Amino acid sequence: MKTILIVDDDEALVESVTDVLTTEGYSVITAANGEIGYNMAVDKKPDLILLDVMMTHDHEGFGVAKKLRQNDVTRKLPIIIITGIRKARGLPFGYEPDEDWLPVQAVLEKPVDPSALLRHVKNVFLEAVGKQPVQ
Amino acid sequence: MLRTKLFMGFALVIIIFAMLSAFLGIQTIKHNVMAEAQNHVRLDLSSAWAVIGNRLEKLETILSLLSSKEIIVESCDVEDWDNEQLLHRLEKVRRNFDLDFLSLVSPKGSVVIRATAPFNKGDYRDTDPVISRALAGEALSAIALMSQAELEREAEGLAERAFLELDDTTRARKTTKTIENRGMVMIAAQPVRKADKIVGVIYGGVLVNRNHELIDWIHDVVYRNETYKDTPLGTATIFLHDIRIATTVCLKDGNRALGTRVSKKVADQVLDNGAPWVGEAFVVRDWYLTAYDPIRDINGRIIGMLYVGILRQPFLDSGYAIMVRYIWLSIFALLGGLVVAFVLANRLSQPIHRLVEATHRMSNGDASIPVSSAAACRETDELIKAFNNMLKTLAEREENLKATNRNYMETLGFVTHELKSPIGSILNYLYLMRQHKLGPLTEKQEKAMRICGRSVDHVAEMIRHYLNLSRIENNEMEPHRTTVTVSRDILKPLLEDMEIVIQESELRIQNLVEPEITVEADANMLREVFENLLSNAVKYGKKNGLLSLKARAIDGVVEFEVRNDGPGIPREKLEKLFRKFSRVNNGGSKEKGTGLGLFITKYIVELHGGTIRAESEENSETAFIFTLPKYNAGRNSSEAETT
């Protein structure tokens, strides 16, 4: 069973996403901020992290993503960034996953449609085993 | 144009005044020159009279000297009339002083010695008014008329000299006379006294008829032989009644115009009314300014006229010269006036023009540049100052409004952003329930979930739109261009996400966009464009109608078309579609919208350098057609086409 780590400070959202994912047969662990999330990722080595950007600090999620890439243990860990912010908080409107400065598998904008989320999650795991992603 | 109008107004006034002044000036000059000329001719007439008076005085003096000569006094006293010596003496005096006749009369009035005709004597001259008054003791001189008989008696040839044939003169009085045999004479008489007793009268004189010496003398004194362009400047004439008997006026053949007569007009005025006549007259060959005075005999009877005339042309010429100078002056003044009018019109209209330009700038949204003062006059400067103040106030107000709007938009963005997470939770549970992951649902619960789903979708759309509006208003929309393969990157995921909505709308979707269509655009923005157009099509599309997506590459751009069967949009509303907060709603449609979708869509398309338009046929279909730059530039083009 795949384990997914959700890092987000919005309890209601975390709970609802957890329910969606567990219904689909995933195991879910959660963290309420970036620091806990990072430590949990290192400890438990989940198969995928759903990472919120804006938590205690505005760009906390990005910092966590970079730190995870710098740690040998978590270097290959797939990450999906889930964000409500764009240019209004100093980020480009149309940013996309990027090797250098945003090394993640996907960026989803809130509110994330659950079916879209599930599609992306499936794609990540399919890619991990080298299969064609679901469009 | 204001400047032209002002200038024309000024110019009109100036030209009217110039013409009026020129007219009045010319009239005044004409009048003054002619008045001057008439004055001149009157003076000339006085000079002529002075010459005649001088001649009469001279006659008087000669006779006065003679009357006191001892030989005459003694001869008269003793009535020694056949004194040869006396006769010779008189004849000598007569010749010396160029008299035409000189005679001695006895106190009884009979001629006793006649120097010019010694054998003609004994006739009585006491009826002659001049001689009779001399017999009474008076010394006097006068102009008088003598009959042919009297002339014949006085001297041999005198009557012949006086004789004139009359010329037929057209404008003269009608007459049956063909000759004039009377003579006009200047005569003087002096009593000869011996111890207060009058012992005789001596008289003498000259004939005026044909007296060229006399008339030339008058002419010389008055006009000094001056000529104007080879024409004598002045002329002088003595008339016997209306007949020229001595004149400097020459006929065309060069002879003096003796025997010709004066015009009836002058004759009536001078001879009948005894009044002087001054006026213009055509004398033989030229126009003259003329003056006539009556000549009266000792009894005051009018016997003739004295005339002088001066050539009119010199006066006209000098008048013309003054007029020409005046006209030049007027023209210079006029031109000067026009220049001043032009400058003035310019200065007056300048500030107005600047204000007009500024208002144009203002309506184009630029109220920042103040209008510079034109320094034309106080009023316009104040107008400009007031205008600039208004500009400043408006600019401040606009700045405040912008700041308020910015704050408002930021707040809006923040609030909508904060709505995202709760919406996320709702979406998740709706999904779980509708997928029956939380247990089976009754039919009523299914319906409730469907309605909730639609409402949440609407809220999600609102959030998206308001966030985008907030970005647009704050100028935060900066496209991050990448190569986007439209079908794969945008349409497929989008259609998947919209699957439920599309199913509910019961539309037939036809995606005719070829997989190789690639554009240069911001993927998220492009998704926004398609999402807006598709959700519009879904909202307003007809049940079981067709929703088609097409794309074709033309001239470096890709033209996309989103078309749906439906009620269509009235032509007059088509243009308003893309405005902020406009509604596509046609009649009874109950669909909700933010009124921002098409506004945002147009903004994004134009941000990418494309254009967008709507086409619609009422009760048939609606299509949105937009262009985006094709991805085929440079080295990537072949790669793009083979993708």
# chains A, B, ... in the order shown; residues from 1 in each chain; ligands from 1
>>> interface_residues(of="chain B", to="chain A", cutoff="6 Å", atoms="only C-alpha atoms", output="number ranges by chain")
B: 420, 424-425, 428, 480, 524
>>> residues_around(residues="Arg210 (chain B)", least_positions_apart="6", cutoff="7 Å", atoms="only C-alpha atoms", output="JSON, numbers by chain")
{"B": [161, 162, 245, 246]}
>>> residues_around(residues="Leu51 (chain A)", least_positions_apart="5", cutoff="7 Å", atoms="only C-alpha atoms", output="number ranges by chain")
A: 6-8, 61, 79-82
>>> residues_around(residues="region 452-467 of chain B", least_positions_apart="5", cutoff="8 Å", atoms="only C-alpha atoms", output="mmCIF file with N, CA, C and O atoms, in the first residue's frame")
data_model
loop_
_atom_site.group_PDB
_atom_site.id
_atom_site.type_symbol
_atom_site.label_atom_id
_atom_site.label_comp_id
_atom_site.auth_asym_id
_atom_site.auth_seq_id
_atom_site.Cartn_x
_atom_site.Cartn_y
_atom_site.Cartn_z
ATOM 1 N N PRO A 111 -8.827 25.738 -5.624
ATOM 2 C CA PRO A 111 -9.277 24.472 -5.013
ATOM 3 C C PRO A 111 -9.037 23.292 -5.965
ATOM 4 O O PRO A 111 -9.383 23.398 -7.127
ATOM 5 N N LEU B 412 -10.103 41.939 -2.117
ATOM 6 C CA LEU B 412 -10.882 40.950 -2.858
ATOM 7 C C LEU B 412 -10.035 39.706 -3.128
ATOM 8 O O LEU B 412 -10.461 38.563 -2.906
ATOM 9 N N GLY B 413 -8.793 39.963 -3.595
ATOM 10 C CA GLY B 413 -7.888 38.850 -3.896
ATOM 11 C C GLY B 413 -7.626 38.014 -2.657
ATOM 12 O O GLY B 413 -7.680 36.774 -2.684
ATOM 13 N N THR B 416 -10.893 36.059 -1.594
ATOM 14 C CA THR B 416 -11.179 34.932 -2.491
ATOM 15 C C THR B 416 -10.137 33.840 -2.287
ATOM 16 O O THR B 416 -10.453 32.649 -2.321
ATOM 17 N N HIS B 417 -8.898 34.284 -2.066
ATOM 18 C CA HIS B 417 -7.848 33.300 -1.839
ATOM 19 C C HIS B 417 -8.130 32.470 -0.594
ATOM 20 O O HIS B 417 -7.972 31.250 -0.581
ATOM 21 N N LEU B 419 -10.868 31.728 0.497
ATOM 22 C CA LEU B 419 -12.017 30.838 0.290
ATOM 23 C C LEU B 419 -11.608 29.498 -0.322
ATOM 24 O O LEU B 419 -12.358 28.548 -0.330
ATOM 25 N N LYS B 420 -10.382 29.505 -0.870
ATOM 26 C CA LYS B 420 -9.967 28.337 -1.652
ATOM 27 C C LYS B 420 -9.934 27.044 -0.838
ATOM 28 O O LYS B 420 -10.413 25.994 -1.282
ATOM 29 N N ILE B 423 -13.378 25.636 0.116
ATOM 30 C CA ILE B 423 -14.010 25.084 -1.089
ATOM 31 C C ILE B 423 -13.408 23.715 -1.399
ATOM 32 O O ILE B 423 -14.089 22.784 -1.810
ATOM 33 N N ILE B 426 -15.012 21.092 0.669
ATOM 34 C CA ILE B 426 -16.367 20.785 0.194
ATOM 35 C C ILE B 426 -16.306 19.921 -1.061
ATOM 36 O O ILE B 426 -17.014 18.929 -1.194
ATOM 37 N N LEU B 427 -15.393 20.313 -1.979
ATOM 38 C CA LEU B 427 -15.247 19.563 -3.230
ATOM 39 C C LEU B 427 -14.913 18.093 -2.943
ATOM 40 O O LEU B 427 -15.475 17.179 -3.543
ATOM 41 N N LEU B 430 -17.981 16.260 -1.493
ATOM 42 C CA LEU B 430 -18.986 16.088 -2.544
ATOM 43 C C LEU B 430 -18.584 14.937 -3.458
ATOM 44 O O LEU B 430 -19.392 14.098 -3.821
ATOM 45 N N LYS B 592 -26.057 31.573 -13.848
ATOM 46 C CA LYS B 592 -25.356 32.624 -13.118
ATOM 47 C C LYS B 592 -23.967 32.800 -13.706
ATOM 48 O O LYS B 592 -23.376 31.864 -14.210
ATOM 49 N N GLY B 593 -23.470 33.996 -13.596
ATOM 50 C CA GLY B 593 -22.109 34.237 -14.059
ATOM 51 C C GLY B 593 -21.548 35.440 -13.336
ATOM 52 O O GLY B 593 -22.302 36.209 -12.743
ATOM 53 N N THR B 594 -20.226 35.591 -13.381
ATOM 54 C CA THR B 594 -19.626 36.754 -12.715
ATOM 55 C C THR B 594 -19.609 37.960 -13.627
ATOM 56 O O THR B 594 -19.415 39.083 -13.188
ATOM 57 N N LEU B 596 -17.341 38.284 -15.720
ATOM 58 C CA LEU B 596 -15.914 38.594 -15.863
ATOM 59 C C LEU B 596 -15.210 37.662 -16.834
ATOM 60 O O LEU B 596 -14.137 37.988 -17.346
ATOM 61 N N GLY B 597 -15.813 36.512 -17.087
ATOM 62 C CA GLY B 597 -15.147 35.470 -17.886
ATOM 63 C C GLY B 597 -14.629 35.979 -19.216
ATOM 64 O O GLY B 597 -13.447 35.815 -19.539
ATOM 65 N N ILE B 600 -11.880 38.680 -18.888
ATOM 66 C CA ILE B 600 -10.574 38.093 -18.588
ATOM 67 C C ILE B 600 -10.008 37.397 -19.829
ATOM 68 O O ILE B 600 -8.826 37.538 -20.160
#
>>> select_by_dssp(residues="region 495-527 of chain B", states="helix (DSSP H, G or I)", output="NGL selection string")
:B and (495-497 or 499-505 or 523-527)
>>> write_last_selection(atoms="all heavy atoms", output="CSV table (one decimal), in the first residue's frame")
chain,number,residue,atom,x,y,z
B,495,LEU,N,-11.1,19.1,-20.5
B,495,LEU,CA,-12.3,18.3,-20.8
B,495,LEU,C,-12.6,17.2,-19.8
B,495,LEU,O,-13.7,16.9,-19.4
B,495,LEU,CB,-12.3,17.7,-22.2
B,495,LEU,CG,-12.4,18.8,-23.3
B,495,LEU,CD1,-12.1,18.2,-24.7
B,495,LEU,CD2,-13.8,19.4,-23.3
B,496,GLU,N,-11.5,16.6,-19.3
B,496,GLU,CA,-11.6,15.6,-18.2
B,496,GLU,C,-12.2,16.2,-17.0
B,496,GLU,O,-13.1,15.7,-16.4
B,496,GLU,CB,-10.3,15.0,-17.9
B,496,GLU,CG,-10.0,13.7,-18.7
B,496,GLU,CD,-8.6,13.3,-18.5
B,496,GLU,OE1,-8.1,13.4,-17.4
B,496,GLU,OE2,-7.9,12.9,-19.5
B,497,ASP,N,-11.6,17.4,-16.6
B,497,ASP,CA,-12.1,18.0,-15.4
B,497,ASP,C,-13.5,18.5,-15.5
B,497,ASP,O,-14.3,18.5,-14.5
B,497,ASP,CB,-11.2,19.3,-15.1
B,497,ASP,CG,-9.8,18.9,-14.6
B,497,ASP,OD1,-9.6,17.6,-14.3
B,497,ASP,OD2,-9.0,19.7,-14.5
B,499,GLU,N,-15.8,17.0,-17.2
B,499,GLU,CA,-16.6,15.8,-17.6
B,499,GLU,C,-18.0,15.8,-17.1
B,499,GLU,O,-19.0,15.7,-17.8
B,499,GLU,CB,-15.9,14.5,-17.3
B,499,GLU,CG,-16.2,13.5,-18.3
B,499,GLU,CD,-15.4,12.2,-18.0
B,499,GLU,OE1,-14.3,12.3,-17.5
B,499,GLU,OE2,-15.9,11.1,-18.3
B,500,ILE,N,-18.0,16.0,-15.7
B,500,ILE,CA,-19.3,15.9,-15.0
B,500,ILE,C,-20.3,17.0,-15.5
B,500,ILE,O,-21.4,16.7,-15.9
B,500,ILE,CB,-19.2,16.0,-13.5
B,500,ILE,CG1,-18.3,14.8,-13.0
B,500,ILE,CG2,-20.5,15.9,-12.8
B,500,ILE,CD1,-17.9,15.0,-11.6
B,501,VAL,N,-19.8,18.2,-15.6
B,501,VAL,CA,-20.6,19.3,-16.1
B,501,VAL,C,-21.1,19.1,-17.5
B,501,VAL,O,-22.3,19.3,-17.8
B,501,VAL,CB,-19.7,20.6,-16.0
B,501,VAL,CG1,-20.6,21.8,-16.2
B,501,VAL,CG2,-18.9,20.7,-14.8
B,502,ILE,N,-20.2,18.6,-18.3
B,502,ILE,CA,-20.6,18.4,-19.7
B,502,ILE,C,-21.7,17.3,-19.8
B,502,ILE,O,-22.6,17.4,-20.5
B,502,ILE,CB,-19.3,18.0,-20.6
B,502,ILE,CG1,-18.4,19.3,-20.7
B,502,ILE,CG2,-19.8,17.6,-22.0
B,502,ILE,CD1,-17.1,19.0,-21.2
B,503,GLN,N,-21.4,16.3,-19.0
B,503,GLN,CA,-22.4,15.2,-19.0
B,503,GLN,C,-23.8,15.7,-18.6
B,503,GLN,O,-24.8,15.5,-19.3
B,503,GLN,CB,-22.0,14.1,-18.1
B,503,GLN,CG,-21.1,13.0,-18.7
B,503,GLN,CD,-20.5,12.1,-17.7
B,503,GLN,OE1,-21.0,12.0,-16.6
B,503,GLN,NE2,-19.5,11.3,-18.2
B,504,GLU,N,-23.8,16.5,-17.6
B,504,GLU,CA,-25.1,17.1,-17.1
B,504,GLU,C,-25.7,18.0,-18.1
B,504,GLU,O,-27.0,18.1,-18.2
B,504,GLU,CB,-24.8,17.9,-15.8
B,504,GLU,CG,-24.7,17.0,-14.6
B,504,GLU,CD,-24.3,17.8,-13.3
B,504,GLU,OE1,-24.2,19.0,-13.4
B,504,GLU,OE2,-24.2,17.2,-12.3
B,505,SER,N,-24.9,18.7,-18.9
B,505,SER,CA,-25.5,19.6,-19.9
B,505,SER,C,-26.0,18.9,-21.1
B,505,SER,O,-26.7,19.5,-22.0
B,505,SER,CB,-24.4,20.7,-20.3
B,505,SER,OG,-23.5,20.0,-21.1
B,523,ALA,N,0.6,28.7,-20.2
B,523,ALA,CA,-0.3,27.5,-20.2
B,523,ALA,C,-1.5,27.8,-19.3
B,523,ALA,O,-2.6,27.5,-19.6
B,523,ALA,CB,0.5,26.3,-19.7
B,524,ASN,N,-1.2,28.3,-18.1
B,524,ASN,CA,-2.3,28.5,-17.1
B,524,ASN,C,-3.3,29.5,-17.6
B,524,ASN,O,-4.5,29.4,-17.5
B,524,ASN,CB,-1.7,29.0,-15.8
B,524,ASN,CG,-1.1,27.8,-15.0
B,524,ASN,OD1,-1.8,26.8,-14.8
B,524,ASN,ND2,0.1,28.0,-14.6
B,525,MET,N,-2.8,30.6,-18.3
B,525,MET,CA,-3.7,31.6,-18.8
B,525,MET,C,-4.5,31.0,-20.0
B,525,MET,O,-5.7,31.3,-20.1
B,525,MET,CB,-2.9,32.8,-19.3
B,525,MET,CG,-2.2,33.6,-18.2
B,525,MET,SD,-1.6,35.2,-18.9
B,525,MET,CE,-0.6,35.7,-17.5
B,526,LEU,N,-3.8,30.2,-20.8
B,526,LEU,CA,-4.5,29.6,-21.9
B,526,LEU,C,-5.6,28.7,-21.5
B,526,LEU,O,-6.7,28.6,-22.0
B,526,LEU,CB,-3.5,28.8,-22.8
B,526,LEU,CG,-4.0,28.4,-24.2
B,526,LEU,CD1,-4.6,29.5,-24.9
B,526,LEU,CD2,-2.9,27.7,-25.0
B,527,ARG,N,-5.3,28.0,-20.4
B,527,ARG,CA,-6.3,27.1,-19.8
B,527,ARG,C,-7.5,27.9,-19.3
B,527,ARG,O,-8.7,27.6,-19.5
B,527,ARG,CB,-5.7,26.3,-18.6
B,527,ARG,CG,-6.7,25.3,-18.0
B,527,ARG,CD,-6.2,24.7,-16.7
B,527,ARG,NE,-7.3,24.3,-15.9
B,527,ARG,CZ,-7.7,23.0,-15.8
B,527,ARG,NH1,-7.0,22.1,-16.4
B,527,ARG,NH2,-8.7,22.7,-15.1
>>> residues_around(residues="Lys45 (chain A)", least_positions_apart="6", cutoff="9 Å", atoms="only C-alpha atoms", output="PyMOL selection string")
chain A and resi 3+5+73-74+77
>>> residues_around(residues="Val339 (chain B)", least_positions_apart="6", cutoff="10 Å", atoms="only C-alpha atoms", output="PyMOL selection string")
chain B and resi 7+11+333+345
>>> write_last_selection(atoms="N, CA and C atoms", output="PDB file, in the first residue's frame")
ATOM      1  N   PHE B   7      -9.193  86.217 -36.565  1.00  0.00           N
ATOM      2  CA  PHE B   7      -8.437  86.998 -37.539  1.00  0.00           C
ATOM      3  C   PHE B   7      -9.374  87.584 -38.589  1.00  0.00           C
ATOM      4  N   ALA B  11      -9.841  91.391 -39.339  1.00  0.00           N
ATOM      5  CA  ALA B  11      -9.507  91.824 -40.692  1.00  0.00           C
ATOM      6  C   ALA B  11     -10.691  92.564 -41.312  1.00  0.00           C
ATOM      7  N   ALA B 333      -0.807 100.927 -43.481  1.00  0.00           N
ATOM      8  CA  ALA B 333      -1.540 100.857 -42.208  1.00  0.00           C
ATOM      9  C   ALA B 333      -2.407  99.609 -42.174  1.00  0.00           C
ATOM     10  N   ALA B 345      -4.925  87.585 -32.841  1.00  0.00           N
ATOM     11  CA  ALA B 345      -5.790  86.407 -32.960  1.00  0.00           C
ATOM     12  C   ALA B 345      -5.045  85.180 -32.471  1.00  0.00           C
TER      13      ALA B 345
END
>>> atom_distance(atom1="CA of Ser75 (chain B)", atom2="CA of Ala189 (chain B)")
17.7 Å
>>> select_by_dssp(residues="chain A", states="strand (DSSP E)", output="PyMOL selection string")
chain A and resi 3-7+27-31+48-52+79-83+106-109
>>> atom_distance(atom1="CA of Arg89 (chain B)", atom2="CA of Trp217 (chain B)")
27.8 Å
>>> decode(residues="region 378-389 of chain B", atoms="all heavy atoms", output="short mmCIF file (atom, residue, chain, number, x, y, z; two decimals), in the first residue's frame")
data_model
loop_
_atom_site.label_atom_id
_atom_site.label_comp_id
_atom_site.auth_asym_id
_atom_site.auth_seq_id
_atom_site.Cartn_x
_atom_site.Cartn_y
_atom_site.Cartn_z
N ARG B 378 -4.81 88.64 -19.09
CA ARG B 378 -5.03 88.21 -17.72
C ARG B 378 -6.13 87.14 -17.66
O ARG B 378 -5.99 86.13 -16.98
CB ARG B 378 -5.42 89.41 -16.86
CG ARG B 378 -5.15 89.24 -15.39
CD ARG B 378 -5.14 90.60 -14.72
NE ARG B 378 -6.32 91.38 -15.08
CZ ARG B 378 -7.51 91.24 -14.51
NH1 ARG B 378 -7.68 90.37 -13.54
NH2 ARG B 378 -8.53 91.98 -14.90
N GLU B 379 -7.21 87.38 -18.44
CA GLU B 379 -8.36 86.48 -18.36
C GLU B 379 -7.98 85.07 -18.80
O GLU B 379 -8.31 84.10 -18.14
CB GLU B 379 -9.51 87.01 -19.22
CG GLU B 379 -10.26 88.19 -18.61
CD GLU B 379 -9.53 89.50 -18.77
OE1 GLU B 379 -8.45 89.53 -19.41
OE2 GLU B 379 -10.03 90.52 -18.26
N THR B 380 -7.26 84.99 -19.95
CA THR B 380 -6.92 83.65 -20.43
C THR B 380 -5.93 83.00 -19.48
O THR B 380 -5.99 81.79 -19.25
CB THR B 380 -6.33 83.72 -21.85
OG1 THR B 380 -5.29 84.68 -21.86
CG2 THR B 380 -7.39 84.07 -22.85
N ASP B 381 -5.00 83.80 -18.93
CA ASP B 381 -4.06 83.22 -17.97
C ASP B 381 -4.79 82.65 -16.77
O ASP B 381 -4.46 81.58 -16.26
CB ASP B 381 -3.05 84.29 -17.51
CG ASP B 381 -1.92 84.42 -18.52
OD1 ASP B 381 -1.93 83.63 -19.50
OD2 ASP B 381 -1.05 85.27 -18.33
N GLU B 382 -5.81 83.38 -16.32
CA GLU B 382 -6.56 82.90 -15.17
C GLU B 382 -7.33 81.64 -15.52
O GLU B 382 -7.43 80.71 -14.72
CB GLU B 382 -7.51 83.99 -14.68
CG GLU B 382 -6.88 84.76 -13.52
CD GLU B 382 -7.66 86.00 -13.15
OE1 GLU B 382 -8.91 85.98 -13.34
OE2 GLU B 382 -7.03 86.95 -12.69
N LEU B 383 -7.83 81.64 -16.75
CA LEU B 383 -8.55 80.44 -17.23
C LEU B 383 -7.62 79.24 -17.18
O LEU B 383 -7.97 78.17 -16.69
CB LEU B 383 -9.05 80.70 -18.65
CG LEU B 383 -9.85 79.57 -19.30
CD1 LEU B 383 -11.10 79.29 -18.52
CD2 LEU B 383 -10.20 79.93 -20.73
N ILE B 384 -6.39 79.45 -17.69
CA ILE B 384 -5.42 78.36 -17.72
C ILE B 384 -5.08 77.93 -16.29
O ILE B 384 -4.98 76.73 -15.99
CB ILE B 384 -4.17 78.79 -18.50
CG1 ILE B 384 -4.49 78.78 -19.99
CG2 ILE B 384 -3.00 77.86 -18.21
CD1 ILE B 384 -3.38 79.25 -20.87
N LYS B 385 -4.93 78.91 -15.40
CA LYS B 385 -4.59 78.60 -14.02
C LYS B 385 -5.70 77.74 -13.40
O LYS B 385 -5.44 76.72 -12.76
CB LYS B 385 -4.41 79.89 -13.22
CG LYS B 385 -3.16 79.86 -12.35
CD LYS B 385 -2.70 81.25 -11.98
CE LYS B 385 -3.40 81.81 -10.77
NZ LYS B 385 -3.07 83.22 -10.53
N ALA B 386 -6.95 78.20 -13.65
CA ALA B 386 -8.09 77.46 -13.10
C ALA B 386 -8.14 76.06 -13.67
O ALA B 386 -8.40 75.08 -12.96
CB ALA B 386 -9.39 78.20 -13.42
N PHE B 387 -7.84 75.97 -14.96
CA PHE B 387 -7.86 74.66 -15.62
C PHE B 387 -6.81 73.75 -15.01
O PHE B 387 -7.07 72.59 -14.71
CB PHE B 387 -7.61 74.85 -17.12
CG PHE B 387 -7.76 73.58 -17.91
CD1 PHE B 387 -9.00 73.16 -18.33
CD2 PHE B 387 -6.65 72.79 -18.19
CE1 PHE B 387 -9.14 72.00 -19.04
CE2 PHE B 387 -6.78 71.62 -18.90
CZ PHE B 387 -8.03 71.23 -19.32
N ASN B 388 -5.60 74.33 -14.81
CA ASN B 388 -4.52 73.53 -14.22
C ASN B 388 -4.87 73.05 -12.82
O ASN B 388 -4.57 71.92 -12.44
CB ASN B 388 -3.22 74.32 -14.21
CG ASN B 388 -2.59 74.36 -15.59
OD1 ASN B 388 -2.90 73.52 -16.43
ND2 ASN B 388 -1.74 75.33 -15.83
N ASN B 389 -5.53 73.96 -12.06
CA ASN B 389 -5.97 73.56 -10.72
C ASN B 389 -6.93 72.39 -10.82
O ASN B 389 -6.84 71.43 -10.04
CB ASN B 389 -6.67 74.74 -10.02
CG ASN B 389 -5.65 75.68 -9.43
OD1 ASN B 389 -4.49 75.29 -9.24
ND2 ASN B 389 -6.06 76.90 -9.17
#
